[in-house]
$ cat query_5.cif   # mmCIF, C-alpha atoms
data_protein
loop_
_atom_site.label_atom_id
_atom_site.label_comp_id
_atom_site.auth_asym_id
_atom_site.auth_seq_id
_atom_site.Cartn_x
_atom_site.Cartn_y
_atom_site.Cartn_z
CA MET A 426 61.51 -60.51 -8.37
CA THR A 427 60.88 -56.81 -8.98
CA ARG A 428 57.98 -54.95 -7.39
CA GLY A 429 57.00 -51.56 -8.76
CA PHE A 430 55.02 -48.73 -7.21
CA TYR A 431 52.67 -46.48 -9.20
CA ILE A 432 50.78 -43.66 -7.48
CA GLY A 433 47.88 -41.56 -8.63
CA ARG A 434 44.58 -40.19 -7.42
CA PHE A 435 42.66 -42.30 -9.96
CA GLN A 436 39.60 -40.03 -9.90
CA PRO A 437 38.63 -42.15 -11.79
CA TYR A 438 41.07 -44.78 -13.06
CA HIS A 439 41.12 -44.14 -16.83
CA GLU A 440 42.66 -45.41 -20.07
CA GLY A 441 45.77 -43.27 -19.57
CA HIS A 442 46.45 -45.04 -16.26
CA HIS A 443 45.68 -48.37 -17.90
CA ALA A 444 48.16 -47.71 -20.74
CA MET A 445 50.84 -46.77 -18.19
CA VAL A 446 50.34 -50.03 -16.28
CA ASP A 447 50.38 -51.97 -19.54
CA ARG A 448 53.75 -50.41 -20.43
CA ILE A 449 55.43 -50.93 -17.07
CA ARG A 450 54.19 -54.46 -16.42
CA ASP A 451 56.90 -55.88 -18.68
CA GLU A 452 59.53 -54.43 -16.32
CA ILE A 453 58.14 -55.79 -13.05
CA ASP A 454 56.72 -58.93 -11.49
CA GLU A 455 54.28 -57.27 -9.08
CA LEU A 456 52.74 -53.83 -8.85
CA VAL A 457 51.69 -51.75 -5.88
CA VAL A 458 49.14 -49.13 -6.87
CA GLY A 459 49.15 -46.25 -4.41
CA ILE A 460 45.79 -44.49 -4.24
CA GLY A 461 46.68 -40.90 -3.42
CA SER A 462 44.37 -38.52 -1.58
CA ALA A 463 42.70 -41.59 -0.11
CA ASP A 464 41.16 -39.46 2.62
CA GLN A 465 39.32 -37.29 0.06
CA SER A 466 35.91 -38.02 -1.50
CA HIS A 467 32.63 -36.46 -2.53
CA THR A 468 34.22 -33.30 -3.96
CA VAL A 469 34.49 -32.08 -7.54
CA ARG A 470 38.23 -32.89 -7.64
CA ASN A 471 37.98 -36.13 -5.64
CA PRO A 472 34.49 -37.57 -6.11
CA PHE A 473 35.24 -41.23 -5.37
CA THR A 474 36.18 -42.88 -2.08
CA ALA A 475 39.36 -44.89 -1.65
CA GLY A 476 37.29 -48.07 -1.51
CA GLU A 477 35.54 -47.24 -4.77
CA ARG A 478 38.88 -46.55 -6.44
CA ILE A 479 40.23 -49.86 -5.12
CA MET A 480 37.27 -51.57 -6.83
CA MET A 481 37.96 -49.75 -10.11
CA ILE A 482 41.66 -50.55 -10.10
CA THR A 483 41.33 -54.16 -8.96
CA LYS A 484 38.76 -54.98 -11.63
CA ALA A 485 40.62 -53.12 -14.40
CA LEU A 486 43.99 -54.72 -13.60
CA ALA A 487 42.60 -58.27 -13.46
CA GLU A 488 43.07 -58.58 -17.24
CA PHE A 489 46.85 -58.21 -16.85
CA GLU A 490 47.20 -61.42 -14.82
CA MET A 491 49.82 -59.86 -12.58
CA THR A 492 49.93 -59.70 -8.81
CA THR A 493 48.81 -56.22 -7.75
CA TYR A 494 48.21 -54.53 -4.44
CA ALA A 495 46.05 -51.41 -4.17
CA VAL A 496 46.90 -49.38 -1.08
CA PRO A 497 45.28 -46.17 0.10
CA ILE A 498 47.66 -43.29 0.79
CA GLU A 499 46.18 -40.37 2.72
CA ASP A 500 47.36 -36.86 1.95
CA LEU A 501 50.27 -35.70 4.03
CA ASN A 502 51.15 -32.08 3.57
CA ARG A 503 54.78 -32.48 4.62
CA ASN A 504 56.85 -33.32 1.57
CA SER A 505 60.01 -34.04 3.57
CA VAL A 506 58.41 -37.13 5.13
CA TRP A 507 56.04 -38.10 2.31
CA VAL A 508 58.15 -41.01 0.97
CA SER A 509 58.46 -42.61 4.40
CA HIS A 510 54.69 -42.21 4.80
CA VAL A 511 54.15 -43.99 1.46
CA GLN A 512 56.57 -46.75 2.46
CA SER A 513 54.75 -47.25 5.77
CA MET A 514 51.46 -47.80 3.93
CA SER A 515 52.80 -50.06 1.18
CA PRO A 516 54.48 -53.39 0.65
CA ASN A 517 58.19 -52.94 -0.07
CA PHE A 518 58.92 -51.93 -3.66
CA ASP A 519 62.05 -51.69 -5.79
CA VAL A 520 61.16 -48.97 -8.29
CA ALA A 521 58.63 -46.16 -8.44
CA TYR A 522 56.82 -44.97 -11.55
CA SER A 523 55.72 -41.36 -11.84
CA ASN A 524 55.77 -38.41 -14.20
CA ASN A 525 54.97 -35.89 -11.48
CA PRO A 526 58.11 -33.74 -11.01
CA LEU A 527 57.63 -33.38 -7.24
CA VAL A 528 56.99 -37.10 -6.73
CA VAL A 529 60.03 -37.96 -8.86
CA ARG A 530 62.19 -35.57 -6.82
CA LEU A 531 60.96 -36.89 -3.46
CA PHE A 532 61.55 -40.54 -4.38
CA GLU A 533 64.98 -39.78 -5.83
CA GLU A 534 66.01 -37.84 -2.71
CA ALA A 535 65.01 -40.93 -0.69
CA GLY A 536 67.30 -43.09 -2.85
CA ILE A 537 64.51 -44.88 -4.73
CA GLU A 538 64.87 -45.52 -8.44
CA VAL A 539 62.19 -43.69 -10.43
CA ARG A 540 61.21 -44.56 -13.96
CA GLN A 541 59.15 -42.28 -16.13
CA SER A 542 57.00 -43.30 -19.05
CA PRO A 543 55.41 -41.11 -21.70
CA MET A 544 51.82 -40.29 -20.89
CA PHE A 545 49.23 -41.83 -23.18
CA GLN A 546 47.12 -39.21 -24.99
CA ARG A 547 47.29 -36.97 -21.91
CA GLU A 548 44.99 -34.29 -23.36
CA GLU A 549 42.15 -36.81 -23.63
CA PHE A 550 42.93 -39.38 -20.94
CA GLU A 551 43.07 -37.13 -17.93
CA GLY A 552 40.92 -37.26 -14.81
CA THR A 553 39.65 -33.70 -15.09
CA GLU A 554 38.42 -34.39 -18.63
CA VAL A 555 36.63 -37.57 -17.53
CA ARG A 556 34.95 -35.79 -14.60
CA THR A 557 33.99 -32.79 -16.78
CA ARG A 558 32.35 -35.07 -19.33
CA MET A 559 30.54 -36.97 -16.58
CA ALA A 560 29.20 -33.74 -15.08
CA ALA A 561 28.02 -32.51 -18.49
CA GLY A 562 26.42 -35.82 -19.46
CA ASP A 563 28.85 -36.25 -22.36
CA ASP A 564 30.61 -39.46 -23.44
CA TRP A 565 33.02 -40.44 -20.67
CA GLU A 566 32.75 -44.22 -20.91
CA SER A 567 35.19 -44.32 -23.86
CA LEU A 568 37.86 -42.79 -21.60
CA VAL A 569 37.81 -45.55 -18.96
CA PRO A 570 38.13 -49.34 -19.06
CA GLN A 571 34.73 -51.06 -19.29
CA THR A 572 35.16 -52.53 -15.81
CA VAL A 573 35.61 -49.02 -14.39
CA ALA A 574 32.44 -47.81 -16.13
CA GLU A 575 30.64 -50.76 -14.52
CA VAL A 576 31.91 -49.81 -11.05
CA ILE A 577 30.88 -46.18 -11.57
CA GLU A 578 27.42 -47.36 -12.59
CA GLU A 579 27.19 -49.68 -9.57
CA ILE A 580 28.05 -46.90 -7.12
CA GLU A 581 25.88 -44.34 -8.94
CA GLY A 582 29.00 -42.27 -9.51
CA LEU A 583 27.61 -40.35 -12.46
CA ASN A 584 24.74 -39.07 -10.34
CA ARG A 585 27.18 -38.16 -7.55
CA ILE A 586 29.40 -36.12 -9.84
CA GLN A 587 26.45 -34.34 -11.39
CA ARG A 588 25.09 -33.50 -7.93
CA ILE A 589 28.36 -32.26 -6.43
CA THR A 590 29.11 -30.06 -9.44
CA GLU A 591 25.82 -28.23 -8.98
CA THR A 592 25.92 -25.06 -6.93
CA ASP A 593 23.19 -23.58 -4.84
CA THR A 594 22.19 -19.94 -5.02
CA ASN A 595 24.88 -19.08 -2.45
CA GLY A 596 27.62 -20.73 -4.53
CA ALA A 597 28.43 -23.52 -2.05
CA GLY A 598 31.87 -25.04 -2.25
CA ASP A 599 33.27 -28.55 -1.97
CA SER A 600 32.58 -29.44 1.63
CA ALA A 601 29.51 -30.53 3.51
CA ASP A 602 29.95 -27.76 6.06
CA ASP A 603 30.06 -24.79 3.69
#

$ encode --input "query_5.cif" --output "structure tokens"
Amino acid sequence: MTRGFYIGRFQPYHEGHHAMVDRIRDEIDELVVGIGSADQSHTVRNPFTAGERIMMITKALAEFEMTTYAVPIEDLNRNSVWVSHVQSMSPNFDVAYSNNPLVVRLFEEAGIEVRQSPMFQREEFEGTEVRTRMAAGDDWESLVPQTVAEVIEEIEGLNRIQRITETDTNGAGDSADD
């Protein structure tokens, strides 16, 4: 049995992520999805909580009929110990999937096989694009699996993004204590 590991922030989980999982699922028996920046939420860059992203991912991946584990991975700003941090938060895995050059390097230095896969329509299926469209009230639903759109509706995520992208007259930033 081969278990893979795929990490991302998934803010939100979109069709590009979904295409990546669809490609790699033929190579593995189980998949661990690492939810990066799990300690971040309610900001322009990271609007959704780890729990909300777990809901998105779990519902979207159900169609693949594959055993998956979604695990939150808090940010750790010490690259030299990042892989061991990931391993401590995750079930054991045999291969990691990433296209991020730093992530690839860190896993390889730790002796973990890394496989890369071409990104699917990266210019369109990218978290920043989805969040920008949500904030502007433009079509974003076509960029995410239907189940993800349903989760975002349930949690009133569109309203949240539109509210946190507003600025007050003082130009408030991303934190509650600005």

$ resolve_selection --input "query_5.cif" --expression "the PyMOL selection byres ((chain A and resi 446) around 12)" --output "PDB file with C-alpha atoms, in the frame of the given file"
ATOM      1  CA  GLY A 429      57.000 -51.560  -8.760  1.00  0.00           C
ATOM      2  CA  PHE A 430      55.020 -48.730  -7.210  1.00  0.00           C
ATOM      3  CA  TYR A 431      52.670 -46.480  -9.200  1.00  0.00           C
ATOM      4  CA  ILE A 432      50.780 -43.660  -7.480  1.00  0.00           C
ATOM      5  CA  GLY A 433      47.880 -41.560  -8.630  1.00  0.00           C
ATOM      6  CA  TYR A 438      41.070 -44.780 -13.060  1.00  0.00           C
ATOM      7  CA  HIS A 439      41.120 -44.140 -16.830  1.00  0.00           C
ATOM      8  CA  GLU A 440      42.660 -45.410 -20.070  1.00  0.00           C
ATOM      9  CA  GLY A 441      45.770 -43.270 -19.570  1.00  0.00           C
ATOM     10  CA  HIS A 442      46.450 -45.040 -16.260  1.00  0.00           C
ATOM     11  CA  HIS A 443      45.680 -48.370 -17.900  1.00  0.00           C
ATOM     12  CA  ALA A 444      48.160 -47.710 -20.740  1.00  0.00           C
ATOM     13  CA  MET A 445      50.840 -46.770 -18.190  1.00  0.00           C
ATOM     14  CA  ASP A 447      50.380 -51.970 -19.540  1.00  0.00           C
ATOM     15  CA  ARG A 448      53.750 -50.410 -20.430  1.00  0.00           C
ATOM     16  CA  ILE A 449      55.430 -50.930 -17.070  1.00  0.00           C
ATOM     17  CA  ARG A 450      54.190 -54.460 -16.420  1.00  0.00           C
ATOM     18  CA  ASP A 451      56.900 -55.880 -18.680  1.00  0.00           C
ATOM     19  CA  GLU A 452      59.530 -54.430 -16.320  1.00  0.00           C
ATOM     20  CA  ILE A 453      58.140 -55.790 -13.050  1.00  0.00           C
ATOM     21  CA  ASP A 454      56.720 -58.930 -11.490  1.00  0.00           C
ATOM     22  CA  GLU A 455      54.280 -57.270  -9.080  1.00  0.00           C
ATOM     23  CA  LEU A 456      52.740 -53.830  -8.850  1.00  0.00           C
ATOM     24  CA  VAL A 457      51.690 -51.750  -5.880  1.00  0.00           C
ATOM     25  CA  VAL A 458      49.140 -49.130  -6.870  1.00  0.00           C
ATOM     26  CA  ILE A 482      41.660 -50.550 -10.100  1.00  0.00           C
ATOM     27  CA  ALA A 485      40.620 -53.120 -14.400  1.00  0.00           C
ATOM     28  CA  LEU A 486      43.990 -54.720 -13.600  1.00  0.00           C
ATOM     29  CA  ALA A 487      42.600 -58.270 -13.460  1.00  0.00           C
ATOM     30  CA  GLU A 488      43.070 -58.580 -17.240  1.00  0.00           C
ATOM     31  CA  PHE A 489      46.850 -58.210 -16.850  1.00  0.00           C
ATOM     32  CA  GLU A 490      47.200 -61.420 -14.820  1.00  0.00           C
ATOM     33  CA  MET A 491      49.820 -59.860 -12.580  1.00  0.00           C
ATOM     34  CA  THR A 493      48.810 -56.220  -7.750  1.00  0.00           C
ATOM     35  CA  TYR A 522      56.820 -44.970 -11.550  1.00  0.00           C
ATOM     36  CA  SER A 523      55.720 -41.360 -11.840  1.00  0.00           C
ATOM     37  CA  GLN A 541      59.150 -42.280 -16.130  1.00  0.00           C
ATOM     38  CA  SER A 542      57.000 -43.300 -19.050  1.00  0.00           C
ATOM     39  CA  PRO A 543      55.410 -41.110 -21.700  1.00  0.00           C
ATOM     40  CA  MET A 544      51.820 -40.290 -20.890  1.00  0.00           C
ATOM     41  CA  PHE A 545      49.230 -41.830 -23.180  1.00  0.00           C
TER      42      PHE A 545
END

$ atom_distance --input "query_5.cif" --atom1 "atom CA of Gly552 of chain A" --atom2 "atom CA of Thr427 of chain A"
28.5 Å

$ atom_distance --input "query_5.cif" --atom1 "atom CA of Ile586 of chain A" --atom2 "atom CA of Val511 of chain A"
28.3 Å

$ atom_distance --input "query_5.cif" --atom1 "atom CA of Gly461 of chain A" --atom2 "atom CA of Glu499 of chain A"
6.2 Å

$ resolve_selection --input "query_5.cif" --expression "the PyMOL selection byres ((chain A and resi 561-564) around 10)" --output "PyMOL selection string"
chain A and resi 555-560+565-568+583-584+586-587+590

$ closest_residue --input "query_5.cif" --among "A:Glu551, A:Met426, A:Leu531, A:Gly459" --to "Arg503 of chain A" --atoms "all atoms listed in the file"
A:Leu531

$ resolve_selection --input "query_5.cif" --expression "the PyMOL selection byres ((chain A and resi 436) around 8)" --output "list in words"
Arg434, Phe435, Pro437, Tyr438, Arg470, Asn471, Pro472, Phe473, Arg478, Gly552 and Arg556 of chain A

$ write_last_selection --input "query_5.cif" --atoms "C-alpha atoms" --output "PDB file, in the frame of the given file"
ATOM      1  CA  ARG A 434      44.580 -40.190  -7.420  1.00  0.00           C
ATOM      2  CA  PHE A 435      42.660 -42.300  -9.960  1.00  0.00           C
ATOM      3  CA  PRO A 437      38.630 -42.150 -11.790  1.00  0.00           C
ATOM      4  CA  TYR A 438      41.070 -44.780 -13.060  1.00  0.00           C
ATOM      5  CA  ARG A 470      38.230 -32.890  -7.640  1.00  0.00           C
ATOM      6  CA  ASN A 471      37.980 -36.130  -5.640  1.00  0.00           C
ATOM      7  CA  PRO A 472      34.490 -37.570  -6.110  1.00  0.00           C
ATOM      8  CA  PHE A 473      35.240 -41.230  -5.370  1.00  0.00           C
ATOM      9  CA  ARG A 478      38.880 -46.550  -6.440  1.00  0.00           C
ATOM     10  CA  GLY A 552      40.920 -37.260 -14.810  1.00  0.00           C
ATOM     11  CA  ARG A 556      34.950 -35.790 -14.600  1.00  0.00           C
TER      12      ARG A 556
END

$ closest_residue --input "query_5.cif" --among "A:Asp464, A:Asp519, A:Glu533, A:Glu477" --to "Glu578 of chain A" --atoms "only C-alpha atoms"
A:Glu477

$ closest_residue --input "query_5.cif" --among "A:Ile460, A:Arg585, A:Ala574, A:Gly536" --to "Pro497 of chain A" --atoms "all atoms listed in the file"
A:Ile460

$ axis_aligned_box --input "query_5.cif" --around "segment 451-456 of chain A" --padding-each-side "4 Å" --output "AutoDock Vina command-line options"
--center_x 56.1 --center_y -56.4 --center_z -13.8 --size_x 14.8 --size_y 13.1 --size_z 17.8

$ closest_residue --input "query_5.cif" --among "A:Thr474, A:Asn517, A:Asn525, A:Ser509" --to "Tyr494 of chain A" --atoms "all atoms listed in the file"
A:Asn517

$ residues_around --input "query_5.cif" --residues "Met480 of chain A" --least-positions-apart "5" --cutoff "9 Å" --atoms "only C-alpha atoms" --output "PDB file with C-alpha atoms, in the frame of the given file"
ATOM      1  CA  ALA A 475      39.360 -44.890  -1.650  1.00  0.00           C
ATOM      2  CA  ALA A 485      40.620 -53.120 -14.400  1.00  0.00           C
ATOM      3  CA  VAL A 573      35.610 -49.020 -14.390  1.00  0.00           C
ATOM      4  CA  VAL A 576      31.910 -49.810 -11.050  1.00  0.00           C
TER       5      VAL A 576
END

$ closest_residue --input "query_5.cif" --among "A:Val508, A:Val469, A:Val528, A:Ala463" --to "Gly582 of chain A" --atoms "all atoms listed in the file"
A:Val469

$ build_atoms --input "query_5.cif" --residues "segment 449-474 of chain A" --atoms "N, CA and C atoms" --output "tab-separated table (two decimals), keeping the file's coordinate frame"
chain	number	residue	atom	x	y	z
A	449	ILE	N	54.45	-50.61	-18.12
A	449	ILE	CA	55.43	-50.93	-17.07
A	449	ILE	C	55.37	-52.38	-16.62
A	450	ARG	N	54.31	-53.09	-16.92
A	450	ARG	CA	54.19	-54.46	-16.42
A	450	ARG	C	55.24	-55.40	-16.99
A	451	ASP	N	55.82	-55.06	-18.13
A	451	ASP	CA	56.90	-55.88	-18.68
A	451	ASP	C	58.20	-55.75	-17.89
A	452	GLU	N	58.31	-54.70	-17.08
A	452	GLU	CA	59.53	-54.43	-16.32
A	452	GLU	C	59.48	-54.97	-14.90
A	453	ILE	N	58.32	-55.41	-14.45
A	453	ILE	CA	58.14	-55.79	-13.05
A	453	ILE	C	57.39	-57.11	-12.95
A	454	ASP	N	57.46	-57.70	-11.76
A	454	ASP	CA	56.72	-58.93	-11.49
A	454	ASP	C	55.43	-58.67	-10.72
A	455	GLU	N	55.45	-57.66	-9.88
A	455	GLU	CA	54.28	-57.27	-9.08
A	455	GLU	C	54.18	-55.77	-9.07
A	456	LEU	N	52.96	-55.27	-8.85
A	456	LEU	CA	52.74	-53.83	-8.85
A	456	LEU	C	51.93	-53.41	-7.63
A	457	VAL	N	52.44	-52.41	-6.95
A	457	VAL	CA	51.69	-51.75	-5.88
A	457	VAL	C	51.11	-50.47	-6.48
A	458	VAL	N	49.81	-50.33	-6.38
A	458	VAL	CA	49.14	-49.13	-6.87
A	458	VAL	C	48.76	-48.29	-5.66
A	459	GLY	N	49.42	-47.16	-5.51
A	459	GLY	CA	49.15	-46.25	-4.41
A	459	GLY	C	48.01	-45.31	-4.77
A	460	ILE	N	46.96	-45.33	-3.99
A	460	ILE	CA	45.79	-44.49	-4.24
A	460	ILE	C	45.95	-43.22	-3.41
A	461	GLY	N	46.43	-42.18	-4.08
A	461	GLY	CA	46.68	-40.90	-3.42
A	461	GLY	C	45.39	-40.19	-3.05
A	462	SER	N	45.52	-39.27	-2.10
A	462	SER	CA	44.37	-38.52	-1.58
A	462	SER	C	43.26	-39.47	-1.15
A	463	ALA	N	43.66	-40.56	-0.51
A	463	ALA	CA	42.70	-41.59	-0.11
A	463	ALA	C	41.70	-41.08	0.92
A	464	ASP	N	42.05	-40.02	1.61
A	464	ASP	CA	41.16	-39.46	2.62
A	464	ASP	C	40.15	-38.47	2.03
A	465	GLN	N	40.20	-38.26	0.72
A	465	GLN	CA	39.32	-37.29	0.06
A	465	GLN	C	38.23	-38.01	-0.73
A	466	SER	N	37.01	-37.49	-0.67
A	466	SER	CA	35.91	-38.02	-1.50
A	466	SER	C	34.77	-37.01	-1.52
A	467	HIS	N	33.85	-37.24	-2.42
A	467	HIS	CA	32.63	-36.46	-2.53
A	467	HIS	C	32.87	-34.97	-2.80
A	468	THR	N	33.95	-34.66	-3.52
A	468	THR	CA	34.22	-33.30	-3.96
A	468	THR	C	34.37	-33.33	-5.48
A	469	VAL	N	34.35	-32.17	-6.09
A	469	VAL	CA	34.49	-32.08	-7.54
A	469	VAL	C	35.82	-32.68	-7.99
A	470	ARG	N	36.89	-32.39	-7.28
A	470	ARG	CA	38.23	-32.89	-7.64
A	470	ARG	C	38.42	-34.35	-7.25
A	471	ASN	N	37.82	-34.77	-6.17
A	471	ASN	CA	37.98	-36.13	-5.64
A	471	ASN	C	36.61	-36.72	-5.32
A	472	PRO	N	35.86	-37.11	-6.36
A	472	PRO	CA	34.49	-37.57	-6.11
A	472	PRO	C	34.37	-38.98	-5.53
A	473	PHE	N	35.37	-39.83	-5.75
A	473	PHE	CA	35.24	-41.23	-5.37
A	473	PHE	C	36.03	-41.54	-4.10
A	474	THR	N	35.50	-42.47	-3.30
A	474	THR	CA	36.18	-42.88	-2.08
A	474	THR	C	37.36	-43.78	-2.41
